[in-house]
Every structure is written in C-alpha cells, then in structure tokens.
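S.K.: My questions will all concern the structure given below.
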Amino acid sequence: MSDVTELKQKFLSKGGMEKEIKGYEVTTCFGGAGCPNAANSCTQLAKDIETIIEKENILSFLKETVKGDLKFHHEFRVALSDCPNACSRPQIVDIGIIGAVLPGVFDEACTLCSACVEVCDENAVMLDEENVKPIISSHQCLYCAKCISACPTGTLGEKGKGFRVMLGGRLGRHPRLAMEVPGLHTHDAVLSIVHKCLKFYKSKSKNGQRFSYILSSVDQVI
C-alpha cells in the first residue's frame, strides 16, 4: 500500500473526516495579494467575520443537532471577493460578500474620450454628448470601479465604497444562486448582517439543514 493510499484511507475512515471539520468555512479571493481588479479589500472583513462565527460556536451547534457523523457539506460557508469577478464564488455559499465602489459623476470637465464606455463590461456607462458628461446606469453597474480608473479627467470618481451582500446560495442536487441584499453596505453593517444570519440559522436549522433551505427571503433575516 502506498503512503498516499494509506493517508487517504486514514482520512476517510470513521471519525477521520470529522477531525478536519471546523463547522464553518471562510474563503477569500487572492485580491489581497495585489490583484489589479480589486475594488474594495475584504481582508479585514474576513477576519472580523471569522471572529463572529467562532464566538457563535457553529461546530458545537452542528454536533448537537446533526444525526450521525458531520460532513463537510454541513459547514456554514462564507466567501468574500474584492471585486465582482468573484473568484471565491460568493454566489453559491451561505453568505457571499463582494467589495464594491459606487461611481459618481463630478464637476471636472469631461472630454468625451469614451474610455469609461470602452472599459465597462456591463455597458453601464453612456456619454451624454449634449451635456458633455458620462451617465451611469445603476441597474447595470456592478461597482467594479473600472470606469473610475479609466477616466483621465477625474470626471468619474468614487462616490461611495462598501460591500455587496448575498445570502442563501448553494450547489448540490438543487443548486441556487444567493439572493442579494439591496444596497451597498459598510464594514459594520456587513458584520451585523452576518451576526443576524447566524442567529437565524441556529434558531431554524435542524439536523444540518443548510441556510439556503431555511431562508425563503432576505427580509426574514435583516
């Protein structure tokens, strides 16, 4: 028997997997390492969220409520991404968070160079040639800040900074994308939402039932 096979068998043996389970998982993208697409860093937010989850002692809750051995799919999952490219896949976990920048149109004279239009992947920026300024569609904008970086005149700038929050995503036999909580949220507001979600989850989940199955609407929690 090879060393790899032996290690695998030990890991998969009864109780072996449970020793590796924390009860939760907090994942981040690699934006903190200098990703050029980063809109708003989630590094500190991820640490603060993990502190909240640890205080809620999700592992003990799962051990008390789940019949049989704990599996990795029982874990409460949070994923954070610094931009809407969402490399950490926040749309398919219990709580997903995306760093965001709200662009605004300022008084600096626009040259109608169209750099902002060309860089926007969502076609959310248009040029108003009559009034000589860009127009941003709030329905299409994903708050990535690319248009701000591309603007050579400073006509487009940062109007606000925060995080998008999504709840109740999952994969599995019946996958579902997370529902977005409307608005752009501050660091402290995100922590408040996370805390409320964990309280709701612990009060409603039975036998390892995932957050997404007990969440029928965002309004239930927040």
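Ligands are numbered from 1 in the order shown, residues from 1 within each chain, and chains are lettered A, B, ... in the order they appear in the structure tokens.
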Using only C-alpha atoms, determine which residues lie at most 12 Å from Phe76 (chain A), disregarding the query and same-chain residues fewer than 6 positions distant; provide the list as JSON, numbers by chain.

M.R.: {"A": [21, 22, 23, 24, 25, 26, 27, 50, 53, 54, 56, 57, 58, 59, 61, 62, 92, 93, 94, 95, 96, 167, 168, 169, 170, 194, 197, 198, 201, 202, 205, 208, 209, 210, 211, 212]}

S.K.: According to DSSP computed on the backbone, where in region 6-217 of chain A is there strand (DSSP E)? Give the residues as an MDAnalysis selection string.

M.R.: chainID A and resid 24:28 76:81 95:105 125:128 133:136 156:167 179:185

S.K.: Fewer than 5 positions away in the same chain doesn't count, so skip those; otherwise give me all residues within 12 Å of Cys35 (chain A), counting only C-alpha atoms, as a list in words.

M.R.: Cys29, Phe30, Asn40, Ser41, Ser81, Asp82, Cys83, Asn85 and Cys87 of chain A

S.K.: Between CA of Gln44 (chain A) and CA of Cys144 (chain A), what is the spacing in Å?

M.R.: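 Interatomic distance here is 19.1 Å.
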
S.K.: Between CA of Ala109 (chain A) and CA of Val132 (chain A), what is the distance in Å, rounded to a tenth?

M.R.: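 A separation of 7.9 Å between them.
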
S.K.: Taking only C-alpha atoms into account, name the residue in A:Cys151, A:Ala38, A:Val181, A:Met126 that is nearest to Cys110 (chain A).

M.R.: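 Going through A:Cys151, A:Ala38, A:Val181, A:Met126 one by one, the smallest distance to Cys110 (chain A) is for A:Cys151.
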
S.K.: Nearest residue to Ser216 (chain A) out of A:Arg176, A:Lys133, A:Lys196, A:Lys71, using only C-alpha atoms?

M.R.: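 Answer, going by the shortest atom-to-atom distance: A:Arg176.
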
S.K.: Between A:Lys204, A:His73, A:His195, A:Arg89, which is the closest to Thr51 (chain A) once you count only C-alpha atoms?

M.R.: A:His195

S.K.: Considering only C-alpha atoms, state which residue in the set A:Ala46, A:Ala189, A:Met179, A:Leu127 is at the smallest distance from Asp219 (chain A).

M.R.: A:Met179

S.K.: Compile the contact shell of region 190-192 of chain A as a PyMOL selection string: residues with an atom at most 10 Å away, counting only C-alpha atoms, same-chain residues fewer than 5 positions apart removed.

M.R.: chain A and resi 45-46+48-49+52+97+162-165+184-185+197+222

S.K.: Keeping N, CA and C atoms for every residue in the selection just given, could you write it to a file as a compact mmCIF listing (two decimals), in the first residue's frame?

M.R.:
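Heads up, here's the output in part_37.txt:
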# COMPACT_ATOMS: atom_id res chain seq x y z
N LEU A 45 -12.35 42.41 6.80
CA LEU A 45 -13.72 41.96 6.99
C LEU A 45 -13.77 40.45 7.19
N ALA A 46 -12.98 39.71 6.43
CA ALA A 46 -12.94 38.26 6.57
C ALA A 46 -12.50 37.85 7.97
N ASP A 48 -12.78 39.64 10.73
CA ASP A 48 -13.82 40.01 11.70
C ASP A 48 -15.01 39.05 11.63
N ILE A 49 -15.34 38.59 10.43
CA ILE A 49 -16.43 37.63 10.27
C ILE A 49 -16.06 36.30 10.92
N ILE A 52 -16.62 36.47 14.60
CA ILE A 52 -18.03 36.36 14.95
C ILE A 52 -18.50 34.91 14.90
N ILE A 97 -19.97 37.87 -0.10
CA ILE A 97 -19.68 39.30 0.04
C ILE A 97 -18.73 39.72 -1.08
N GLY A 162 -18.04 50.21 -0.30
CA GLY A 162 -18.63 49.28 0.65
C GLY A 162 -18.62 47.86 0.13
N PHE A 163 -19.69 47.12 0.44
CA PHE A 163 -19.74 45.71 0.08
C PHE A 163 -21.15 45.32 -0.35
N ARG A 164 -21.22 44.47 -1.36
CA ARG A 164 -22.48 43.82 -1.72
C ARG A 164 -22.59 42.54 -0.89
N VAL A 165 -23.81 42.21 -0.47
CA VAL A 165 -24.02 41.02 0.37
C VAL A 165 -25.07 40.13 -0.27
N LEU A 184 -25.50 49.09 -0.84
CA LEU A 184 -24.07 48.97 -0.62
C LEU A 184 -23.84 49.11 0.88
N HIS A 185 -23.18 48.14 1.48
CA HIS A 185 -23.15 48.06 2.95
C HIS A 185 -21.75 48.37 3.50
N CYS A 197 -27.69 36.56 10.55
CA CYS A 197 -27.84 35.32 9.77
C CYS A 197 -27.48 34.10 10.62
N ILE A 222 -32.92 40.17 7.86
CA ILE A 222 -32.48 41.54 8.11
C ILE A 222 -33.64 42.51 8.28

S.K.: Hey, what does DSSP flag as helix (DSSP H, G or I) within region 70-172 of chain A? Can you give it to me as number ranges by chain?

M.R.: A: 72-74, 90-92, 115-119, 146-150

S.K.: Applying 10 Å and only C-alpha atoms, which residues near Lys67 (chain A) remain after dropping the ones on its own chain fewer than 3 positions away? List them as a PyMOL selection string.

M.R.: chain A and resi 62-64+70+206-208

S.K.: Could the residues in this selection be written to a file with N, CA and C atoms, as a short mmCIF file (atom, residue, chain, number, x, y, z; two decimals), in the first residue's frame?

M.R.:
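The new file again-v8.cif reads:
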data_model
loop_
_atom_site.label_atom_id
_atom_site.label_comp_id
_atom_site.auth_asym_id
_atom_site.auth_seq_id
_atom_site.Cartn_x
_atom_site.Cartn_y
_atom_site.Cartn_z
N LEU A 62 -23.53 22.20 15.39
CA LEU A 62 -23.72 21.11 14.43
C LEU A 62 -23.61 19.75 15.11
N LYS A 63 -22.66 19.61 16.03
CA LYS A 63 -22.51 18.33 16.73
C LYS A 63 -23.75 17.99 17.55
N GLU A 64 -24.42 19.01 18.06
CA GLU A 64 -25.61 18.80 18.88
C GLU A 64 -26.86 18.51 18.04
N LEU A 70 -20.49 14.30 11.22
CA LEU A 70 -20.50 15.57 10.49
C LEU A 70 -19.78 15.39 9.16
N LYS A 206 -32.32 22.39 11.44
CA LYS A 206 -32.47 21.11 12.13
C LYS A 206 -31.70 20.04 11.36
N ASN A 207 -30.93 19.24 12.09
CA ASN A 207 -30.20 18.11 11.51
C ASN A 207 -29.32 18.53 10.32
N GLY A 208 -28.61 19.64 10.48
CA GLY A 208 -27.67 20.05 9.45
C GLY A 208 -28.28 20.72 8.25
#

S.K.: Would you please work out which residue, of A:Pro90, A:Gly99, A:Gly172, A:Pro152, is nearest to Cys116 (chain A) when using only C-alpha atoms?

M.R.: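 Counting only C-alpha atoms, the residue closest to Cys116 (chain A) is A:Pro152.
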
S.K.: To one decimal place in Å, what is the distance between CA of Leu156 (chain A) and CA of Pro134 (chain A)?

M.R.: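 Straight-line distance from CA of Leu156 (chain A) to CA of Pro134 (chain A) works out to 7.9 Å.
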
S.K.: Find the residue from A:Arg77, A:Leu215, A:Gly160, A:Ser137 that sits nearest to Gly183 (chain A); use only C-alpha atoms when measuring.

M.R.: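 Once distances to Gly183 (chain A) are computed over only C-alpha atoms, the minimum belongs to A:Gly160.
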
S.K.: Tell me which protein, DNA and RNA residues are within 10 Å of Glu118 (chain A), counting only C-alpha atoms, leaving out same-chain ones fewer than 6 positions away, and put them as a ChimeraX atom specification.

M.R.: /A:125-126,147,150
